[in-house]
>>> print(open('model_30.cif').read())   # mmCIF, C-alpha atoms and all ligand atoms
data_model
loop_
_atom_site.label_atom_id
_atom_site.label_comp_id
_atom_site.auth_asym_id
_atom_site.auth_seq_id
_atom_site.Cartn_x
_atom_site.Cartn_y
_atom_site.Cartn_z
CA MET A 829 252.96 116.62 -74.53
CA ASP A 830 250.67 118.03 -77.20
CA PHE A 831 248.60 120.41 -75.10
CA GLU A 832 246.64 121.85 -77.97
CA ASN A 833 245.00 118.52 -78.70
CA GLU A 834 244.83 117.15 -75.19
CA PHE A 835 242.80 120.03 -73.78
CA SER A 836 239.11 120.30 -74.29
CA ILE A 837 237.95 123.79 -73.54
CA SER A 838 234.61 125.39 -74.26
CA GLY A 839 233.80 128.95 -73.28
CA ASP A 840 230.11 128.04 -73.56
CA GLU A 841 230.47 125.25 -71.00
CA MET A 842 232.40 127.55 -68.69
CA PHE A 843 229.66 130.14 -69.03
CA GLN A 844 227.01 127.54 -68.19
CA LEU A 845 228.78 126.67 -64.96
CA ILE A 846 228.95 130.36 -64.04
CA ALA A 847 225.21 130.63 -64.70
CA GLU A 848 224.63 127.67 -62.35
CA LEU A 849 226.71 129.21 -59.56
CA TYR A 850 225.47 132.76 -60.08
CA PRO A 851 222.24 132.71 -58.01
CA ILE A 852 223.89 131.30 -54.87
CA CYS A 853 224.44 133.74 -52.00
CA ARG A 854 228.05 133.20 -51.01
CA SER A 855 230.09 134.90 -48.34
CA ILE A 856 233.40 134.20 -46.59
CA THR A 857 231.63 131.45 -44.63
CA GLY A 858 228.27 129.70 -44.74
CA ASP A 859 226.15 127.37 -46.79
CA GLY A 860 226.58 129.33 -50.03
CA VAL A 861 230.25 128.37 -50.09
CA ARG A 862 229.45 124.74 -49.24
CA LYS A 863 226.85 124.54 -51.99
CA SER A 864 229.20 126.13 -54.53
CA LEU A 865 232.03 123.75 -53.64
CA GLU A 866 229.67 120.78 -53.96
CA ILE A 867 228.78 121.89 -57.49
CA ILE A 868 232.47 122.28 -58.40
CA LYS A 869 233.04 118.82 -56.94
CA ASP A 870 230.91 117.39 -59.74
CA TYR A 871 233.69 118.52 -62.09
CA ILE A 872 236.89 117.95 -60.11
CA PRO A 873 237.65 115.81 -57.02
CA LEU A 874 238.00 118.66 -54.53
CA THR A 875 238.74 117.95 -50.91
CA ILE A 876 236.68 120.20 -48.70
CA TYR A 877 238.36 121.43 -45.51
CA GLN A 878 236.88 123.35 -42.62
CA GLU A 879 238.33 125.39 -39.78
CA ALA A 880 236.28 126.33 -36.73
CA THR A 881 235.18 129.82 -35.75
CA GLY A 882 237.64 131.26 -33.25
CA THR A 883 240.70 129.53 -34.70
CA VAL A 884 243.65 131.88 -34.65
CA VAL A 885 245.38 132.19 -38.02
CA PHE A 886 248.42 134.45 -37.78
CA ASP A 887 247.06 137.86 -36.70
CA TRP A 888 243.47 136.95 -37.55
CA VAL A 889 240.66 134.90 -36.01
CA ILE A 890 238.22 132.86 -38.07
CA PRO A 891 234.92 134.72 -37.76
CA LYS A 892 231.47 133.41 -36.97
CA GLU A 893 229.69 131.61 -39.76
CA TRP A 894 227.05 133.67 -41.53
CA ASN A 895 223.91 132.31 -43.12
CA ILE A 896 220.89 134.11 -44.47
CA ARG A 897 217.45 132.77 -45.35
CA ASP A 898 215.55 135.89 -46.34
CA ALA A 899 215.47 139.65 -46.10
CA TYR A 900 213.10 142.40 -47.20
CA ILE A 901 211.78 145.88 -46.55
CA LYS A 902 207.97 146.23 -46.56
CA ASN A 903 206.00 149.44 -46.68
CA SER A 904 202.81 150.03 -44.68
CA LYS A 905 200.77 148.54 -47.55
CA GLU A 906 202.60 145.25 -47.03
CA GLN A 907 204.44 145.65 -50.36
CA LYS A 908 208.02 144.47 -50.48
CA VAL A 909 209.99 147.44 -51.73
CA VAL A 910 213.31 145.62 -51.38
CA ASP A 911 213.54 141.83 -51.65
CA PHE A 912 216.64 139.71 -51.04
CA LYS A 913 215.03 136.96 -53.14
CA LYS A 914 215.30 139.20 -56.20
CA SER A 915 218.99 139.98 -55.63
CA ASN A 916 221.25 138.72 -52.88
CA LEU A 917 223.28 141.93 -53.25
CA HIS A 918 220.41 143.75 -51.52
CA VAL A 919 221.71 142.76 -48.09
CA ILE A 920 225.11 143.88 -46.84
CA ASN A 921 227.03 140.63 -46.70
CA TYR A 922 227.40 139.51 -43.06
CA SER A 923 224.48 141.65 -41.84
CA VAL A 924 223.30 140.74 -38.34
CA PRO A 925 219.65 139.72 -38.02
CA ILE A 926 217.05 142.39 -37.52
CA HIS A 927 213.28 142.60 -37.39
CA ALA A 928 212.04 146.12 -36.69
CA GLU A 929 209.71 148.86 -37.78
CA MET A 930 211.16 152.25 -38.55
CA SER A 931 210.61 155.56 -40.29
CA LEU A 932 212.16 156.31 -43.65
CA ASN A 933 214.67 158.63 -42.00
CA GLU A 934 215.77 155.92 -39.61
CA LEU A 935 215.93 153.37 -42.44
CA LYS A 936 218.01 155.66 -44.66
CA LYS A 937 220.96 155.31 -42.26
CA HIS A 938 221.11 151.67 -43.37
CA LEU A 939 220.57 152.13 -47.11
CA PHE A 940 223.43 152.28 -49.60
CA THR A 941 223.27 153.31 -53.25
CA LEU A 942 225.44 154.23 -56.21
CA PRO A 943 224.28 157.69 -57.31
CA ASP A 944 226.61 157.61 -60.34
CA PHE A 945 224.98 154.44 -61.65
CA PRO A 946 221.34 154.87 -60.62
CA GLU A 947 220.16 151.45 -61.89
CA TRP A 948 222.85 149.36 -60.21
CA ILE A 949 222.86 147.78 -56.77
CA PRO A 950 226.19 148.06 -54.94
CA TYR A 951 227.85 145.03 -53.30
CA LEU A 952 229.00 145.76 -49.76
CA THR A 953 230.29 143.63 -46.89
CA SER A 954 230.72 144.07 -43.17
CA TYR A 955 232.68 140.98 -42.23
CA TYR A 956 234.55 142.05 -39.14
CA ASN A 957 232.23 144.75 -37.85
CA GLU A 958 228.74 143.67 -36.74
CA ASN A 959 226.29 145.79 -38.66
CA TRP A 960 223.29 145.54 -40.95
CA GLY A 961 222.13 147.30 -44.05
CA PHE A 962 220.53 147.12 -47.46
CA CYS A 963 222.04 147.97 -50.84
CA ILE A 964 219.58 149.29 -53.39
CA SER A 965 219.67 151.18 -56.65
CA GLN A 966 219.49 154.95 -56.52
CA GLN A 967 216.22 154.68 -58.49
CA GLU A 968 214.71 152.40 -55.83
CA PHE A 969 215.96 154.76 -53.15
CA GLU A 970 214.27 157.75 -54.75
CA ARG A 971 210.97 155.90 -55.00
CA LEU A 972 210.81 155.36 -51.23
CA LYS A 973 208.10 157.51 -49.64
CA ASP A 974 207.71 158.73 -46.08
CA ASP A 975 206.22 155.73 -44.39
CA THR A 976 206.74 153.20 -41.65
CA TYR A 977 208.76 150.27 -42.93
CA GLU A 978 209.06 146.73 -41.67
CA VAL A 979 212.70 145.69 -41.95
CA VAL A 980 213.61 142.01 -41.84
CA ILE A 981 216.99 140.33 -42.18
CA ASP A 982 216.57 136.67 -41.34
CA SER A 983 220.26 135.83 -40.91
CA GLU A 984 222.38 134.21 -38.25
CA LEU A 985 225.95 134.57 -37.07
CA ILE A 986 226.95 131.45 -35.20
CA ASP A 987 229.99 129.48 -34.14
CA GLY A 988 230.59 127.38 -37.23
CA PHE A 989 233.27 126.91 -39.82
CA LEU A 990 235.26 128.51 -42.57
CA VAL A 991 235.10 126.12 -45.51
CA TYR A 992 237.37 125.87 -48.52
CA GLY A 993 238.16 123.48 -51.34
CA GLU A 994 241.54 122.16 -52.40
CA LEU A 995 242.77 119.82 -55.10
CA LEU A 996 246.31 118.55 -55.51
CA ILE A 997 247.12 116.92 -58.84
CA LYS A 998 250.36 115.03 -58.32
CA GLY A 999 253.08 115.32 -60.90
CA ARG A 1000 256.43 113.55 -61.17
CA THR A 1001 258.02 115.98 -58.72
CA ASP A 1002 256.87 117.57 -55.48
CA GLU A 1003 257.58 121.00 -56.88
CA GLU A 1004 254.28 122.79 -57.12
CA VAL A 1005 252.34 125.23 -59.18
CA LEU A 1006 249.65 126.99 -57.13
CA PHE A 1007 246.45 128.25 -58.69
CA SER A 1008 244.23 130.12 -56.29
CA THR A 1009 240.83 131.76 -56.58
CA TYR A 1010 238.16 133.09 -54.23
CA ILE A 1011 234.67 131.80 -53.74
CA CYS A 1012 233.23 134.37 -51.31
CA HIS A 1013 231.35 136.71 -53.64
CA PRO A 1014 227.57 136.34 -54.06
CA SER A 1015 225.90 136.99 -57.44
CA LEU A 1016 228.86 138.60 -59.19
CA CYS A 1017 230.30 137.17 -62.38
CA ASN A 1018 233.59 138.64 -63.49
CA ASP A 1019 234.68 139.18 -59.88
CA ASN A 1020 234.84 136.32 -59.32
CA LEU A 1021 232.84 133.40 -60.67
CA SER A 1022 234.94 133.75 -63.81
CA GLY A 1023 238.09 132.88 -61.83
CA VAL A 1024 236.36 130.02 -60.02
CA VAL A 1025 235.18 128.44 -63.25
CA LEU A 1026 238.44 129.02 -65.10
CA LEU A 1027 240.35 127.10 -62.43
CA THR A 1028 237.70 124.37 -62.34
CA TYR A 1029 238.15 123.78 -66.06
CA LEU A 1030 241.92 124.10 -65.88
CA ALA A 1031 242.06 121.49 -63.12
CA MET A 1032 239.65 119.22 -65.02
CA ASN A 1033 242.01 119.30 -67.98
CA LEU A 1034 245.11 118.55 -65.92
CA LEU A 1035 243.60 115.51 -64.20
CA ASN A 1036 245.08 112.22 -65.38
CA LYS A 1037 247.83 113.88 -67.35
CA ASP A 1038 251.49 112.98 -67.13
CA LEU A 1039 252.81 116.13 -65.49
CA LYS A 1040 256.23 117.15 -64.34
CA TYR A 1041 254.99 119.54 -61.65
CA SER A 1042 252.30 119.02 -59.04
CA TYR A 1043 249.37 121.38 -59.36
CA ARG A 1044 247.51 122.67 -56.34
CA PHE A 1045 244.17 124.41 -56.77
CA LEU A 1046 242.63 126.51 -53.99
CA PHE A 1047 239.02 127.66 -53.86
CA ILE A 1048 239.06 129.84 -50.76
CA PRO A 1049 237.27 132.81 -49.28
CA GLU A 1050 239.34 135.88 -50.09
CA THR A 1051 241.85 137.14 -47.50
CA ILE A 1052 240.79 135.04 -44.48
CA GLY A 1053 240.92 131.90 -46.65
CA SER A 1054 244.45 132.47 -47.93
CA ILE A 1055 245.60 133.51 -44.45
CA THR A 1056 244.08 130.33 -43.04
CA TRP A 1057 245.61 128.14 -45.75
CA LEU A 1058 249.06 129.73 -45.41
CA SER A 1059 248.95 129.31 -41.62
CA LYS A 1060 248.45 125.56 -42.12
CA HIS A 1061 251.07 125.18 -44.87
CA GLU A 1062 253.97 127.26 -43.63
CA ASP A 1063 256.40 124.40 -44.11
CA THR A 1064 255.26 123.21 -47.51
CA VAL A 1065 254.92 126.48 -49.41
CA LYS A 1066 258.63 126.27 -50.21
CA ASN A 1067 257.62 123.71 -52.86
CA ILE A 1068 255.69 126.36 -54.76
CA LYS A 1069 257.73 127.34 -57.80
CA TYR A 1070 255.05 129.19 -59.73
CA GLY A 1071 251.59 130.48 -59.01
CA LEU A 1072 248.72 132.61 -60.22
CA VAL A 1073 245.64 134.09 -58.63
CA ALA A 1074 242.73 133.80 -61.07
CA THR A 1075 240.21 136.62 -61.02
CA CYS A 1076 238.27 138.83 -63.43
CA VAL A 1077 238.89 136.67 -66.49
CA GLY A 1078 235.55 136.92 -68.35
CA ASP A 1079 235.18 140.55 -69.46
CA SER A 1080 236.02 142.03 -72.86
CA GLY A 1081 239.08 143.98 -71.73
CA PRO A 1082 242.64 143.06 -72.64
CA SER A 1083 244.56 140.62 -70.45
CA THR A 1084 246.38 142.19 -67.54
CA TYR A 1085 249.18 140.54 -65.64
CA LYS A 1086 249.99 141.73 -62.14
CA LYS A 1087 253.55 140.67 -61.43
CA SER A 1088 254.85 138.88 -58.38
CA ARG A 1089 256.21 141.02 -55.56
CA GLU A 1090 259.76 140.43 -56.83
CA GLY A 1091 258.68 141.29 -60.35
CA ASN A 1092 261.46 139.47 -62.19
CA LEU A 1093 260.74 135.84 -61.41
CA GLN A 1094 260.29 132.98 -63.83
CA ILE A 1095 256.50 133.15 -63.49
CA ASP A 1096 256.65 136.82 -64.52
CA ARG A 1097 258.74 135.99 -67.59
CA ILE A 1098 256.48 133.09 -68.53
CA VAL A 1099 253.24 135.05 -68.35
CA GLU A 1100 254.72 137.99 -70.24
CA LYS A 1101 255.89 135.59 -72.95
CA VAL A 1102 252.46 133.98 -73.19
CA LEU A 1103 250.79 137.36 -73.57
CA ASN A 1104 253.28 138.34 -76.26
CA ASP A 1105 252.73 135.07 -78.09
CA PHE A 1106 248.97 135.66 -78.28
CA ASP A 1107 249.43 138.74 -80.52
CA GLU A 1108 246.70 140.67 -78.70
CA PRO A 1109 246.94 143.90 -76.70
CA PHE A 1110 247.77 143.34 -73.02
CA ASN A 1111 248.93 145.18 -69.93
CA ILE A 1112 251.58 144.28 -67.40
CA VAL A 1113 251.51 146.00 -64.03
CA ASP A 1114 253.91 145.85 -61.13
CA PHE A 1115 252.89 144.26 -57.87
CA PHE A 1116 250.87 146.48 -55.54
CA PRO A 1117 249.73 145.52 -52.03
CA THR A 1118 245.98 145.87 -52.64
CA GLY A 1119 243.99 143.43 -54.73
CA SER A 1120 243.31 139.79 -53.99
CA ASP A 1121 245.04 136.87 -52.28
CA GLU A 1122 248.41 137.63 -53.86
CA ARG A 1123 248.56 140.18 -51.02
CA GLN A 1124 248.89 137.29 -48.57
CA PHE A 1125 250.95 134.96 -50.79
CA CYS A 1126 253.38 137.80 -51.48
CA SER A 1127 253.50 139.18 -47.94
CA PRO A 1128 257.14 139.51 -46.90
CA GLY A 1129 257.07 136.43 -44.66
CA PHE A 1130 256.14 134.26 -47.66
CA ASN A 1131 257.08 136.26 -50.77
CA LEU A 1132 255.92 133.44 -53.03
CA PRO A 1133 256.47 133.44 -56.80
CA ILE A 1134 252.83 134.27 -57.49
CA GLY A 1135 251.26 136.82 -59.81
CA SER A 1136 247.73 137.35 -61.03
CA LEU A 1137 246.52 136.95 -64.59
CA MET A 1138 243.25 138.77 -65.23
CA ARG A 1139 241.53 140.79 -67.92
CA THR A 1140 240.31 144.16 -66.61
CA PRO A 1141 241.52 144.30 -63.02
CA TYR A 1142 239.06 144.63 -60.14
CA ALA A 1143 238.06 148.20 -59.41
CA LEU A 1144 239.01 149.36 -62.90
CA PHE A 1145 235.69 148.41 -64.47
CA PRO A 1146 232.67 150.44 -63.33
CA GLU A 1147 230.56 147.27 -62.99
CA TYR A 1148 232.98 145.97 -60.31
CA HIS A 1149 231.17 145.14 -57.05
CA THR A 1150 227.77 146.05 -58.46
CA SER A 1151 224.75 144.20 -59.81
CA ALA A 1152 226.01 145.07 -63.31
CA ASP A 1153 228.80 142.50 -62.93
CA ASN A 1154 226.24 139.98 -64.08
CA LEU A 1155 225.88 137.31 -66.77
CA ASP A 1156 225.68 140.01 -69.45
CA PHE A 1157 229.04 141.44 -68.47
CA ILE A 1158 231.05 138.32 -69.25
CA GLN A 1159 231.18 136.32 -72.45
CA PRO A 1160 232.11 132.73 -73.33
CA GLN A 1161 234.70 133.90 -75.89
CA PHE A 1162 236.62 135.87 -73.27
CA LEU A 1163 236.50 133.04 -70.74
CA GLU A 1164 237.84 130.73 -73.43
CA ASN A 1165 240.56 133.17 -74.43
CA SER A 1166 241.62 133.54 -70.78
CA ILE A 1167 241.82 129.82 -70.07
CA LYS A 1168 243.89 129.30 -73.23
CA LYS A 1169 246.42 131.72 -71.79
CA TYR A 1170 246.48 129.81 -68.51
CA ILE A 1171 246.98 126.58 -70.46
CA GLN A 1172 249.86 128.15 -72.34
CA VAL A 1173 251.42 129.17 -69.01
CA VAL A 1174 251.18 125.54 -67.90
CA PHE A 1175 252.60 124.43 -71.23
CA ILE A 1176 255.70 126.55 -70.76
CA ILE A 1177 256.09 125.52 -67.12
CA GLU A 1178 255.92 121.87 -68.18
CA ASN A 1179 258.04 122.09 -71.31
CA ASN A 1180 260.71 124.66 -70.66
CA ALA A 1181 264.08 122.94 -70.73
CA THR A 1182 267.72 123.67 -71.40
CA PHE A 1183 269.63 121.90 -74.18
CA LEU A 1184 273.18 121.67 -75.38
CA ASN A 1185 274.04 121.89 -79.07
CA LYS A 1186 276.12 118.79 -79.82
CA ASN A 1187 277.45 120.27 -83.05
CA PRO A 1188 278.55 123.68 -81.80
CA LYS A 1189 281.35 124.35 -84.26
CA CYS A 1190 279.57 126.15 -87.09
CA GLU A 1191 276.04 125.30 -88.12
CA PRO A 1192 275.22 121.65 -88.65
CA GLN A 1193 274.01 120.79 -92.12
CA LEU A 1194 270.26 120.62 -91.71
CA GLY A 1195 269.47 119.28 -95.18
CA LYS A 1196 271.02 115.91 -94.63
CA ARG A 1197 268.99 115.51 -91.46
CA GLY A 1198 265.71 116.35 -93.19
CA LEU A 1199 265.33 119.62 -91.33
CA TYR A 1200 265.88 121.98 -94.23
CA ARG A 1201 262.77 123.26 -95.97
CA LYS A 1202 261.55 121.11 -98.79
CA ILE A 1203 258.95 122.58 -101.08
CA GLY A 1204 255.61 120.89 -100.60
CA SER A 1205 256.67 119.01 -97.53
CA GLN A 1206 253.85 119.04 -95.00
CA LYS A 1207 256.04 117.98 -92.16
CA THR A 1208 258.62 120.71 -92.40
CA ASN A 1209 256.08 123.47 -92.98
CA ILE A 1210 255.35 123.55 -89.27
CA LEU A 1211 259.04 123.99 -88.59
CA ASN A 1212 260.32 127.49 -88.49
CA GLU A 1213 263.89 127.50 -89.83
CA ASN A 1214 264.57 130.70 -88.02
CA ALA A 1215 263.59 128.97 -84.77
CA ILE A 1216 265.96 126.09 -85.57
CA LEU A 1217 268.86 128.48 -86.01
CA TRP A 1218 268.05 130.33 -82.79
CA VAL A 1219 267.81 127.10 -80.82
CA LEU A 1220 271.09 125.80 -82.24
CA ASN A 1221 272.88 129.05 -81.59
CA LEU A 1222 271.70 129.67 -78.05
CA SER A 1223 271.64 126.08 -76.80
CA ASP A 1224 274.95 126.35 -75.00
CA GLY A 1225 273.69 124.61 -71.88
CA LYS A 1226 272.81 127.93 -70.23
CA ASN A 1227 269.85 129.35 -72.14
CA SER A 1228 266.50 127.68 -71.63
CA LEU A 1229 263.92 127.44 -74.39
CA LEU A 1230 262.07 130.27 -72.66
CA ASP A 1231 265.23 132.41 -72.75
CA ILE A 1232 265.62 131.65 -76.44
CA ALA A 1233 261.97 132.40 -77.19
CA ILE A 1234 262.16 135.74 -75.39
CA ARG A 1235 265.43 136.75 -77.04
CA SER A 1236 264.40 135.68 -80.55
CA LYS A 1237 260.89 137.15 -80.18
CA LEU A 1238 259.60 133.91 -81.69
CA LYS A 1239 256.70 132.10 -80.09
CA PHE A 1240 257.59 129.61 -77.37
CA LEU A 1241 255.74 126.95 -79.32
CA GLU A 1242 257.94 127.53 -82.39
CA ILE A 1243 261.10 127.34 -80.32
CA TRP A 1244 259.87 124.23 -78.54
CA ASN A 1245 258.91 122.55 -81.86
CA ALA A 1246 262.35 123.31 -83.26
CA ALA A 1247 264.06 121.91 -80.17
CA ILE A 1248 262.03 118.71 -80.33
CA GLU A 1249 263.02 118.16 -83.97
CA LEU A 1250 266.68 118.91 -83.29
CA TYR A 1251 266.61 116.58 -80.30
CA LYS A 1252 265.08 113.80 -82.41
CA VAL A 1253 267.93 113.95 -84.92
CA GLY A 1254 270.52 114.00 -82.16
CA LEU A 1255 271.68 117.58 -82.51
CA LEU A 1256 270.62 118.51 -78.99
CA GLU A 1257 271.25 116.97 -75.63
CA LYS A 1258 268.99 117.79 -72.69
CA VAL A 1259 270.81 119.48 -69.84
CA ASN A 1260 267.84 120.04 -67.54
ZN ZN B 1301 235.68 141.51 -55.12
#
>>> encode(input="model_30.cif", output="structure tokens")
Amino acid sequence: MDFENEFSISGDEMFQLIAELYPICRSITGDGVRKSLEIIKDYIPLTIYQEATGTVVFDWVIPKEWNIRDAYIKNSKEQKVVDFKKSNLHVINYSVPIHAEMSLNELKKHLFTLPDFPEWIPYLTSYYNENWGFCISQQEFERLKDDTYEVVIDSELIDGFLVYGELLIKGRTDEEVLFSTYICHPSLCNDNLSGVVLLTYLAMNLLNKDLKYSYRFLFIPETIGSITWLSKHEDTVKNIKYGLVATCVGDSGPSTYKKSREGNLQIDRIVEKVLNDFDEPFNIVDFFPTGSDERQFCSPGFNLPIGSLMRTPYALFPEYHTSADNLDFIQPQFLENSIKKYIQVVFIIENNATFLNKNPKCEPQLGKRGLYRKIGSQKTNILNENAILWVLNLSDGKNSLLDIAIRSKLKFLEIWNAAIELYKVGLLEKVN
């Protein structure tokens, strides 16, 4: 499979899809999620599932569905001093409805700001604790005068559904690769429309391909969505051999890989190899039990082989969970760079194999098989002789191509190319 040529990836197109999804007010439930999934469905054939409010999922209960039409704060001159229509971050996500008049002092108990970043609006939620409030910039806060304010949050919390999207691309085996992302954040780009769009484009590119593994894509509300999904798939998760949670993949920071809970699994080795092969700075961090849905996938009762490949991790960039995580904070080039790394992970998952050298007593003569460098030969220029010698030496039926690539410090692609050529001339036999 020649992945490089078969994939069509454009950071600009990915960015455009983020820009389309950006204005929608999403939450863990509600019409914002439905609308977002419908847009993604124009790209990939998602199946949309729903689970009713009140459904018990392990230790949790699916909450009421939240929808919001409008919200504002008006001063006594009828001027809107805070307007949900200008930024959906202005309302604490999951705020209960309210329509009241109050003094500034009373109102201040429900206002939240970021004094360290006076121009930014914070993003706050109150999912499992009925409450209401507004998030505003410190500058807006300081402009508020003593007055009587009309406070309106036109929202509803009703018995409804938790909605999520899923796509299974069937491969030749039932063994699965799980890619998961969360669709519950309102107008925030890096966390996590970048992850949503990366997986949309990754799935789009895997459709209609001849694949060894089956690929399952989840677009779920964070935490409650993965808990819900796991509660319905307890018996089938054993098929998951590899997995990644996609988040924060559009900023300018270096790639960061958060390992699986076990820390030494094949997925961990593959991602580390991919990052090495890209010749760019990167970070690898051990698993920790905060973060995103890997917390659920890697809970001890599941302990799935799932890590998370990001750029700057959530909470480590100041723009995280603020209005500054906007369309200016992410760039097409970084989205494109991130998805190429995901594609390379898939490439290794699909193409890693173990071979046996059929001429193990001393080196075979490469020249007579056309594998020795010939000056001016286009064909052999792509072949790294060093890679050929590594593959021949380590292909004892035990080392996989990934093992050889890691040990030789050569790129997986070079090792794989060498193995293909050696296989073609009959010097290797495939073991598995
Ligand atoms: Zn977040």
>>> residues_near_ligand(input="model_30.cif", ligand="ligand ZN 1301 (chain B)", cutoff="10 Å", atoms="all atoms listed in the file", output="list in words")
Tyr951, Leu952, Tyr1010, Ile1011, Cys1012, His1013, Pro1014, Leu1016, Asn1018, Asp1019, Asn1020, Glu1050, Thr1075, Cys1076, Gly1119, Ser1120, Tyr1142, Ala1143, Tyr1148, His1149 and Thr1150 of chain A
>>> residues_around(input="model_30.cif", residues="A:Ser1228", least_positions_apart="5", cutoff="9 Å", atoms="all atoms listed in the file", output="compact mmCIF listing (two decimals) with C-alpha atoms, in the frame of the given file")
# COMPACT_ATOMS: atom_id res chain seq x y z
CA ASN A 1180 260.71 124.66 -70.66
CA ALA A 1181 264.08 122.94 -70.73
CA THR A 1182 267.72 123.67 -71.40
CA PHE A 1183 269.63 121.90 -74.18
CA LEU A 1222 271.70 129.67 -78.05
CA SER A 1223 271.64 126.08 -76.80
CA ALA A 1233 261.97 132.40 -77.19
CA ASN A 1260 267.84 120.04 -67.54
>>> closest_residue(input="model_30.cif", among="A:Val924, A:Ala1215, A:Leu939, A:Met1138", to="A:Asn957", atoms="all atoms listed in the file")
A:Val924
>>> atom_distance(input="model_30.cif", atom1="atom CA of A:Leu995", atom2="atom CA of A:Arg1044")
5.7 Å
>>> atom_distance(input="model_30.cif", atom1="atom CA of A:Thr1051", atom2="atom CA of A:Ile890")
11.0 Å
>>> build_atoms(input="model_30.cif", residues="stretch 1018-1029 of chain A", atoms="N, CA, C and O atoms", output="compact mmCIF listing (two decimals), keeping the file's coordinate frame")
# COMPACT_ATOMS: atom_id res chain seq x y z
N ASN A 1018 232.18 138.51 -63.11
CA ASN A 1018 233.59 138.64 -63.49
C ASN A 1018 234.45 138.55 -62.23
O ASN A 1018 235.47 137.86 -62.22
N ASP A 1019 234.03 139.26 -61.20
CA ASP A 1019 234.68 139.18 -59.88
C ASP A 1019 233.74 138.42 -58.94
O ASP A 1019 232.89 139.03 -58.33
N ASN A 1020 233.75 137.04 -58.76
CA ASN A 1020 234.84 136.32 -59.32
C ASN A 1020 234.44 134.92 -59.76
O ASN A 1020 235.22 133.99 -59.66
N LEU A 1021 233.18 134.74 -60.19
CA LEU A 1021 232.84 133.40 -60.67
C LEU A 1021 233.68 133.04 -61.90
O LEU A 1021 233.95 131.86 -62.15
N SER A 1022 234.11 134.04 -62.63
CA SER A 1022 234.94 133.75 -63.81
C SER A 1022 236.23 133.04 -63.39
O SER A 1022 236.65 132.06 -64.02
N GLY A 1023 236.85 133.51 -62.32
CA GLY A 1023 238.09 132.88 -61.83
C GLY A 1023 237.83 131.48 -61.30
O GLY A 1023 238.62 130.56 -61.53
N VAL A 1024 236.71 131.32 -60.60
CA VAL A 1024 236.36 130.02 -60.02
C VAL A 1024 236.19 128.99 -61.14
O VAL A 1024 236.72 127.87 -61.07
N VAL A 1025 235.47 129.39 -62.17
CA VAL A 1025 235.18 128.44 -63.25
C VAL A 1025 236.41 128.20 -64.12
O VAL A 1025 236.67 127.07 -64.57
N LEU A 1026 237.21 129.23 -64.32
CA LEU A 1026 238.44 129.02 -65.10
C LEU A 1026 239.32 127.97 -64.42
O LEU A 1026 239.80 127.03 -65.07
N LEU A 1027 239.49 128.09 -63.11
CA LEU A 1027 240.35 127.10 -62.43
C LEU A 1027 239.70 125.72 -62.38
O LEU A 1027 240.40 124.71 -62.41
N THR A 1028 238.38 125.68 -62.30
CA THR A 1028 237.70 124.37 -62.34
C THR A 1028 238.02 123.66 -63.66
O THR A 1028 238.38 122.48 -63.68
N TYR A 1029 237.90 124.39 -64.75
CA TYR A 1029 238.15 123.78 -66.06
C TYR A 1029 239.64 123.49 -66.29
O TYR A 1029 239.99 122.50 -66.94
